[in-house]
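Colleague: For reference, the file start-v3.txt (compact mmCIF, C-alpha atoms) is included below:
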```txt
# COMPACT_ATOMS: atom_id res chain seq x y z
CA MET M 597 -3.83 15.14 25.79
CA THR M 598 -0.13 14.64 25.12
CA TYR M 599 1.13 12.29 22.43
CA GLN M 600 2.32 9.84 25.11
CA GLU M 601 -1.08 9.89 26.82
CA ILE M 602 -2.81 9.19 23.51
CA ILE M 603 -0.58 6.18 22.79
CA GLU M 604 -1.20 4.80 26.28
CA GLN M 605 -4.96 5.27 25.83
CA ALA M 606 -4.80 3.44 22.50
CA ARG M 607 -3.47 0.25 24.10
CA GLY M 608 -6.86 -0.49 25.58
CA ASN M 609 -8.72 0.18 22.33
CA VAL M 610 -6.72 -1.05 19.39
CA GLY M 611 -7.31 -4.79 19.59
CA PRO M 612 -5.01 -7.74 20.26
CA TYR M 613 -2.50 -7.38 17.40
CA CYS M 614 -1.24 -3.80 17.27
CA LYS M 615 0.64 -3.04 20.50
CA ALA M 616 0.50 0.77 20.12
CA CYS M 617 4.26 0.78 20.61
CA PRO M 618 6.09 3.98 21.60
CA VAL M 619 7.89 3.62 18.25
CA CYS M 620 6.06 1.88 15.40
CA ASN M 621 8.99 -0.08 13.96
CA GLY M 622 7.49 -3.48 13.16
CA MET M 623 9.38 -5.34 15.88
CA ALA M 624 6.39 -6.29 18.03
CA CYS M 625 3.84 -7.15 15.34
CA LYS M 626 6.26 -8.56 12.72
CA ASN M 627 4.29 -11.13 10.70
CA THR M 628 1.07 -11.04 12.74
CA VAL M 629 -1.74 -11.82 10.28
CA PRO M 630 -4.48 -10.79 10.69
CA GLY M 631 -3.15 -7.66 12.27
CA PRO M 632 -0.68 -4.96 11.29
CA GLY M 633 2.22 -7.30 10.49
CA ALA M 634 3.90 -7.96 7.16
CA LYS M 635 4.34 -10.82 4.70
CA GLY M 636 6.74 -13.60 5.62
CA SER M 637 8.98 -12.83 8.59
CA GLY M 638 8.18 -9.12 8.66
CA THR M 639 11.74 -8.02 7.84
CA GLY M 640 10.57 -5.73 5.02
CA PHE M 641 8.51 -3.61 7.41
CA ILE M 642 11.41 -3.45 9.87
CA ARG M 643 13.92 -2.55 7.13
CA ASN M 644 11.74 0.34 5.95
CA TYR M 645 11.89 1.88 9.41
CA GLN M 646 15.58 1.14 10.06
CA LYS M 647 16.87 2.68 6.83
CA TRP M 648 15.35 6.07 7.68
CA GLN M 649 17.05 5.87 11.09
CA GLU M 650 20.44 5.15 9.50
CA LEU M 651 20.34 8.41 7.56
CA CYS M 652 21.93 11.36 9.40
CA VAL M 653 21.33 15.05 8.73
CA ASN M 654 24.03 17.71 8.35
CA MET M 655 23.54 20.51 10.85
CA ASP M 656 24.31 24.02 9.56
CA THR M 657 23.11 27.06 11.49
CA ILE M 658 25.32 29.65 9.79
CA CYS M 659 22.50 31.11 7.77
CA GLU M 660 19.87 33.83 7.83
CA ASN M 661 17.70 33.75 10.95
CA LYS M 662 14.15 33.74 9.61
CA PRO M 663 10.97 31.69 10.06
CA VAL M 664 10.69 28.23 8.53
CA ASP M 665 7.86 27.57 6.07
CA THR M 666 6.68 23.93 6.00
CA SER M 667 3.66 24.50 3.74
CA PHE M 668 3.14 22.32 0.67
CA GLU M 669 0.88 22.67 -2.37
CA LEU M 670 -0.41 19.78 -4.46
CA PHE M 671 -2.69 20.14 -7.48
CA GLY M 672 -3.96 23.48 -6.18
CA LYS M 673 -4.53 22.34 -2.58
CA LYS M 674 -2.35 23.71 0.24
CA LEU M 675 -1.23 21.68 3.26
CA SER M 676 0.53 22.77 6.43
CA ILE M 677 3.18 20.05 6.01
CA PRO M 678 4.00 17.64 3.13
CA VAL M 679 2.36 14.69 4.87
CA PHE M 680 -0.63 12.52 3.93
CA ALA M 681 -2.27 9.77 5.95
CA ALA M 682 -1.85 6.54 4.00
CA PRO M 683 -4.81 4.33 3.00
CA ILE M 684 -5.56 1.54 5.48
CA GLY M 685 -8.44 -0.93 5.35
CA ALA M 686 -9.97 -4.00 6.99
CA MET M 687 -9.97 -2.14 10.30
CA LYS M 688 -11.99 -4.66 12.31
CA LEU M 689 -9.95 -7.59 11.05
CA HIS M 690 -6.60 -6.00 11.84
CA TYR M 691 -7.23 -3.47 14.63
CA GLY M 692 -10.24 -4.54 16.67
CA ASP M 693 -13.89 -3.60 16.90
CA LYS M 694 -13.79 0.10 17.75
CA TYR M 695 -13.96 1.28 14.11
CA ASP M 696 -15.05 -0.29 10.86
CA ASP M 697 -13.64 1.02 7.57
CA LEU M 698 -16.46 3.53 7.07
CA ALA M 699 -16.16 5.06 10.54
CA TYR M 700 -12.36 5.15 10.38
CA ASN M 701 -12.27 6.85 6.97
CA ASP M 702 -14.91 9.38 8.03
CA LEU M 703 -12.98 10.33 11.15
CA LEU M 704 -9.61 10.31 9.37
CA ILE M 705 -10.72 12.61 6.53
CA SER M 706 -12.28 15.19 8.82
CA ALA M 707 -9.45 15.10 11.36
CA CYS M 708 -6.75 15.43 8.71
CA VAL M 709 -8.48 18.40 7.06
CA SER M 710 -8.81 20.09 10.47
CA ALA M 711 -5.12 19.46 11.15
CA GLY M 712 -4.04 20.96 7.83
CA ILE M 713 -3.14 17.77 5.95
CA MET M 714 -5.09 15.24 3.87
CA ALA M 715 -5.74 11.52 3.79
CA PHE M 716 -5.59 8.81 1.17
CA THR M 717 -8.63 6.62 1.84
CA GLY M 718 -8.77 2.86 1.44
CA ASP M 719 -10.85 0.41 -0.57
CA GLY M 720 -12.11 -3.13 -0.04
CA THR M 721 -14.43 -5.88 -1.12
CA ASN M 722 -17.35 -4.13 0.58
CA PRO M 723 -18.57 -1.44 -1.88
CA ASP M 724 -19.93 0.58 1.05
CA VAL M 725 -16.33 1.46 1.97
CA MET M 726 -15.89 3.49 -1.22
CA VAL M 727 -19.40 4.93 -0.91
CA GLY M 728 -18.65 6.03 2.65
CA ALA M 729 -15.31 7.54 1.67
CA ALA M 730 -17.00 9.44 -1.17
CA LYS M 731 -19.60 10.89 1.21
CA ALA M 732 -16.92 11.98 3.67
CA LEU M 733 -14.83 13.54 0.89
CA GLN M 734 -17.87 15.36 -0.48
CA ALA M 735 -18.47 16.90 2.93
CA TYR M 736 -14.94 18.32 2.88
CA ASP M 737 -14.82 19.71 -0.66
CA GLY M 738 -13.01 16.68 -2.08
CA CYS M 739 -10.01 17.22 0.19
CA GLY M 740 -8.61 13.72 0.16
CA ILE M 741 -7.38 11.08 -2.24
CA PRO M 742 -9.49 7.92 -2.61
CA THR M 743 -7.40 4.87 -3.43
CA ILE M 744 -8.82 2.17 -5.67
CA LYS M 745 -7.56 -1.41 -5.67
CA PRO M 746 -6.36 -2.81 -9.04
CA TRP M 747 -9.67 -4.51 -9.75
CA ASN M 748 -10.70 -5.66 -13.22
CA ILE M 749 -11.46 -2.75 -15.53
CA ASP M 750 -15.26 -2.94 -15.17
CA LEU M 751 -15.08 -2.78 -11.39
CA VAL M 752 -12.55 0.08 -11.57
CA ARG M 753 -15.07 1.94 -13.71
CA GLU M 754 -17.79 1.32 -11.09
CA LYS M 755 -15.54 2.61 -8.30
CA MET M 756 -14.71 5.74 -10.30
CA ALA M 757 -18.43 6.39 -10.80
CA LEU M 758 -19.03 6.11 -7.05
CA LEU M 759 -16.43 8.85 -6.50
CA GLU M 760 -17.87 11.37 -8.96
CA PRO M 761 -20.23 13.12 -6.49
CA ALA M 762 -17.29 13.66 -4.11
CA ASN M 763 -15.22 15.40 -6.81
CA PRO M 764 -11.89 14.45 -5.18
CA PHE M 765 -8.97 16.58 -6.33
CA ALA M 766 -6.99 13.41 -7.18
CA VAL M 767 -7.48 9.64 -7.37
CA ALA M 768 -4.96 6.90 -6.61
CA MET M 769 -4.56 3.20 -7.37
CA ASP M 770 -2.45 1.01 -5.09
CA ILE M 771 -0.98 -1.18 -7.79
CA ASP M 772 1.16 -2.76 -5.05
CA GLY M 773 -2.02 -4.48 -3.86
CA ALA M 774 -1.89 -6.74 -6.92
CA GLY M 775 -0.87 -9.73 -4.82
CA LEU M 776 -3.80 -9.59 -2.40
CA PRO M 777 -5.62 -12.98 -2.31
CA PHE M 778 -9.08 -11.52 -2.88
CA LEU M 779 -7.85 -9.90 -6.10
CA LYS M 780 -6.09 -13.04 -7.36
CA ASN M 781 -9.27 -15.08 -6.97
CA MET M 782 -11.54 -12.71 -8.90
CA THR M 783 -13.25 -13.50 -12.19
CA PRO M 784 -12.47 -11.74 -14.46
CA PRO M 785 -8.88 -11.45 -13.17
CA ALA M 786 -7.70 -8.45 -11.18
CA GLY M 787 -4.27 -7.34 -10.06
CA SER M 788 -1.29 -6.29 -12.19
CA LYS M 789 -1.97 -3.83 -15.00
CA THR M 790 -0.22 -3.07 -18.28
CA VAL M 791 0.81 0.44 -19.27
CA GLU M 792 -2.06 0.53 -21.74
CA GLU M 793 -4.57 -0.50 -19.09
CA LEU M 794 -3.25 2.17 -16.75
CA LYS M 795 -3.54 4.78 -19.51
CA GLU M 796 -7.24 3.92 -19.77
CA ILE M 797 -7.66 4.17 -15.98
CA ALA M 798 -5.81 7.51 -15.82
CA GLN M 799 -8.10 8.92 -18.52
CA MET M 800 -11.11 7.47 -16.72
CA ALA M 801 -10.12 9.28 -13.51
CA GLY M 802 -10.54 12.68 -15.16
CA ARG M 803 -8.27 14.31 -12.56
CA PRO M 804 -4.69 13.84 -11.33
CA PHE M 805 -4.00 10.12 -11.10
CA ILE M 806 -1.47 8.71 -8.61
CA LEU M 807 0.05 5.21 -8.76
CA LYS M 808 1.06 3.75 -5.42
CA GLY M 809 3.53 0.86 -5.32
CA ILE M 810 6.51 1.96 -7.41
CA MET M 811 9.90 0.54 -6.36
CA THR M 812 12.11 0.81 -9.46
CA VAL M 813 13.16 3.42 -12.00
CA ARG M 814 11.62 1.17 -14.65
CA GLY M 815 8.30 1.21 -12.79
CA ALA M 816 8.41 4.99 -12.40
CA LEU M 817 9.01 5.45 -16.14
CA LYS M 818 6.11 3.13 -16.91
CA ALA M 819 3.87 5.17 -14.59
CA LEU M 820 4.95 8.33 -16.39
CA GLU M 821 4.20 6.73 -19.76
CA ALA M 822 0.76 5.71 -18.46
CA GLY M 823 -0.09 9.33 -17.71
CA ALA M 824 0.17 9.27 -13.93
CA SER M 825 0.51 12.70 -12.33
CA GLY M 826 2.26 11.22 -9.31
CA ILE M 827 3.70 8.04 -7.85
CA VAL M 828 4.04 6.65 -4.35
CA VAL M 829 7.31 4.83 -3.75
CA SER M 830 5.97 1.93 -1.70
CA ASN M 831 6.64 -1.78 -1.18
CA HIS M 832 3.51 -2.58 0.82
CA GLY M 833 1.44 -4.77 -1.48
CA GLY M 834 -1.13 -5.05 1.30
CA ARG M 835 1.75 -6.35 3.44
CA VAL M 836 5.37 -5.16 3.25
CA LEU M 837 7.24 -7.71 1.15
CA ASP M 838 10.21 -9.60 2.59
CA GLN M 839 13.64 -9.44 0.89
CA CYS M 840 12.73 -6.20 -0.84
CA PRO M 841 14.80 -3.01 -0.53
CA SER M 842 13.43 -0.27 1.65
CA THR M 843 11.70 2.70 0.12
CA ALA M 844 14.53 4.96 1.39
CA GLU M 845 17.04 2.90 -0.57
CA VAL M 846 15.27 3.11 -3.95
CA LEU M 847 13.93 6.67 -3.66
CA PRO M 848 17.03 8.61 -4.84
CA ALA M 849 17.33 6.81 -8.19
CA ILE M 850 13.59 7.14 -8.82
CA ALA M 851 13.69 10.85 -7.96
CA ASP M 852 16.64 11.36 -10.32
CA ALA M 853 14.71 9.66 -13.12
CA VAL M 854 11.28 11.33 -12.86
CA GLY M 855 11.69 14.22 -10.40
CA GLY M 856 10.14 17.38 -11.80
CA LYS M 857 8.06 15.34 -14.26
CA MET M 858 5.56 14.05 -11.72
CA THR M 859 4.89 14.36 -7.97
CA ILE M 860 6.85 11.82 -5.92
CA PHE M 861 5.48 10.53 -2.62
CA VAL M 862 7.22 7.96 -0.44
CA ASP M 863 5.64 5.58 2.07
CA GLY M 864 7.06 3.05 4.51
CA GLY M 865 8.62 3.46 7.95
CA ILE M 866 8.39 7.27 8.15
CA ARG M 867 7.52 8.21 11.70
CA THR M 868 8.83 11.68 12.63
CA GLY M 869 9.25 15.15 11.20
CA MET M 870 12.96 14.44 10.85
CA ASP M 871 12.11 11.38 8.75
CA VAL M 872 9.95 13.65 6.56
CA PHE M 873 12.95 15.97 6.12
CA LYS M 874 15.16 13.02 5.10
CA ALA M 875 12.58 11.85 2.55
CA LEU M 876 12.40 15.29 0.97
CA ALA M 877 16.21 15.52 0.94
CA LEU M 878 16.34 12.23 -1.00
CA GLY M 879 13.99 13.63 -3.63
CA ALA M 880 10.40 13.08 -2.50
CA ASP M 881 7.89 15.91 -2.72
CA ALA M 882 5.75 14.55 0.12
CA VAL M 883 5.30 11.46 2.30
CA LEU M 884 2.59 9.03 3.34
CA ILE M 885 2.37 7.80 6.92
CA GLY M 886 0.07 4.88 7.65
CA ARG M 887 0.23 2.79 10.81
CA PRO M 888 1.04 5.62 13.28
CA PHE M 889 -2.37 7.14 12.57
CA ILE M 890 -4.03 4.00 13.97
CA PRO M 891 -3.06 4.42 17.65
CA VAL M 892 -3.54 8.20 17.63
CA ILE M 893 -7.10 7.75 16.34
CA TYR M 894 -7.88 4.79 18.59
CA GLY M 895 -6.39 6.64 21.57
CA GLY M 896 -7.48 10.21 20.93
CA GLY M 897 -9.82 10.45 17.95
CA ALA M 898 -9.61 13.73 16.06
CA GLU M 899 -7.59 15.25 18.90
CA GLY M 900 -5.06 12.45 18.50
CA VAL M 901 -4.60 13.29 14.82
CA GLN M 902 -4.10 16.97 15.64
CA VAL M 903 -1.53 16.19 18.32
CA TYR M 904 0.41 13.87 15.99
CA VAL M 905 0.38 16.35 13.10
CA ASP M 906 1.52 19.15 15.44
CA LYS M 907 4.35 16.86 16.59
CA LEU M 908 5.42 16.14 13.01
CA LYS M 909 5.31 19.83 12.11
CA ALA M 910 7.40 20.88 15.12
CA GLU M 911 9.99 18.18 14.37
CA LEU M 912 10.15 19.15 10.70
CA GLU M 913 10.49 22.84 11.54
CA ASP M 914 13.28 22.15 14.01
CA THR M 915 15.21 19.94 11.58
CA MET M 916 14.87 22.47 8.76
CA ALA M 917 16.05 25.34 10.98
CA MET M 918 19.04 23.36 12.27
CA CYS M 919 20.04 22.34 8.73
CA GLY M 920 19.68 25.80 7.18
CA ALA M 921 16.52 25.21 5.12
CA HIS M 922 13.78 27.82 5.42
CA SER M 923 11.39 26.33 2.85
CA LEU M 924 10.73 22.86 1.48
CA ALA M 925 12.32 23.87 -1.83
CA GLU M 926 15.65 24.49 -0.07
CA ILE M 927 15.90 20.93 1.27
CA ASN M 928 18.43 18.91 -0.75
CA ARG M 929 20.72 15.89 -0.51
CA SER M 930 23.70 17.91 0.68
CA MET M 931 21.80 18.21 3.96
CA LEU M 932 22.22 14.46 4.51
CA PHE M 933 25.51 13.03 5.73
CA GLY M 934 27.37 11.10 3.04
CA PHE M 935 25.57 12.66 0.06
```
Can the structure from this file be put into structure tokens for me?
Modeller:
Amino acid sequence: MTYQEIIEQARGNVGPYCKACPVCNGMACKNTVPGPGAKGSGTGFIRNYQKWQELCVNMDTICENKPVDTSFELFGKKLSIPVFAAPIGAMKLHYGDKYDDLAYNDLLISACVSAGIMAFTGDGTNPDVMVGAAKALQAYDGCGIPTIKPWNIDLVREKMALLEPANPFAVAMDIDGAGLPFLKNMTPPAGSKTVEELKEIAQMAGRPFILKGIMTVRGALKALEAGASGIVVSNHGGRVLDQCPSTAEVLPAIADAVGGKMTIFVDGGIRTGMDVFKALALGADAVLIGRPFIPVIYGGGAEGVQVYVDKLKAELEDTMAMCGAHSLAEINRSMLFGF
């Protein structure tokens, strides 16, 4: 199947909210809740996408003519491109009845490994979601990153214990989920965490710990102080927040502050291999892509994931070659117009 055929196939499978648009830019779903929309008017989601499109690359083909290497290594694991599928949950609520969270995570993990990348898996109020993700990760030698919500400390400890048999090579917490209603209403309280609490969680993880939901230099420095091995620059909070800068806008300052001290991922509005190139040029080490994996899975299953990853890789290779970068390490801000 072609990418276009997969997207067309998805429109009959993905439920009433996601429109499986040719370009996932937030314009059609906006603030559809339940569904894939964002908080408020949905402008935060749209801004994330638009700011990547406003960046232009500097073409330079006066260079050595040699193959481009898009491979990326993280904590001893090698990927074909610096791309991870982002954690997504509540599949039936937001995307229709074809997959529940367990089935989606199982398919996503296996398909990503086959395609040469990896997935961050989601979490939810149903403990079976984490159990299912752990089983899928165990079947693939821990090649994925389970993401734990910022529950109260006792529940975080329980989630960590569920993951032990899977031996994942890293664990994440989406601290940007602190505003989710089901966390706010918990007893004891869940949500935002202090640096000291995050230190305890990082030690509890016993492996590289990644904090998702960092949008300021101050937040990045706090994550570093807490012992995080990596951060995800992200403004999602379960739903992209209105009147918040895009991840592309805050990434350079964060990369200048903590680049080289921890792994920097960026999430939000990245759709193509050229967008991946732009993110790396701004200082990210790798990217997360979330919503676009929904229609490719609903329209093509594992084949859909492979087709999309191949598309991203070809686009990244082409952009690198046309800008004079032959490895990821050679990508820098001078390859973006205006920097």
Colleague: So which residues fall inside 10 Å of (9.3, 6.8, -17.0) if we count all atoms listed in the file? Mind giving them as a ChimeraX atom specification?
Modeller: /M:813-824,850,853-854,857-858
Colleague: Which residues come within 8 Å of range 606-615 of chain M, counting all atoms listed in the file, excluding same-chain residues fewer than 3 positions away, as number ranges by chain?
Modeller: M: 602-603, 624-625, 628, 630-632, 690-694, 890-896
Colleague: Could you check the closest approach to Glu601 in chain M for each of M:Ala910, M:Met756, M:Val903, M:Ile684 and tell me which residue wins, using all atoms listed in the file?
Modeller: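 Result for the nearest residue to Glu601 in chain M: M:Val903.
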Colleague: From the set M:Glu845, M:Asp914, M:Glu899, M:Asp838, which residue has the shortest atom-to-atom contact distance to Phe641 in chain M, counting all atoms listed in the file?
Modeller: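 For Phe641 in chain M, the nearest of the given residues is M:Asp838.
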Colleague: CA of Asp881 in chain M and CA of Leu670 in chain M, how far apart in Å?
Modeller: 9.3 Å
Colleague: Give the answer as one residue: which of M:Cys620, M:Val725, M:Met687, M:Ile806 has the shortest atom-to-atom distance to Phe671 in chain M, using only C-alpha atoms?
Modeller: M:Ile806
Colleague: Which distance in Å separates CA of Lys795 in chain M and CA of Met769 in chain M, to one decimal?
Modeller: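 Separation of CA of Lys795 in chain M and CA of Met769 in chain M: 12.3 Å.
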Colleague: Could you list as an MDAnalysis selection string every residue that has an atom within 12 Å of (8.5, 3.4, 19.7), using the file's coordinates and counting all atoms listed in the file?
Modeller: chainID M and resid 599:600 603:604 615:624 645 865 867:868 888 891
Colleague: When you count only C-alpha atoms, which of these residues is closest to Lys626 in chain M: M:Ile827, M:Ile642, M:Leu651, M:Cys708?
Modeller: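 Nearest candidate to Lys626 in chain M out of M:Ile827, M:Ile642, M:Leu651, M:Cys708: M:Ile642.
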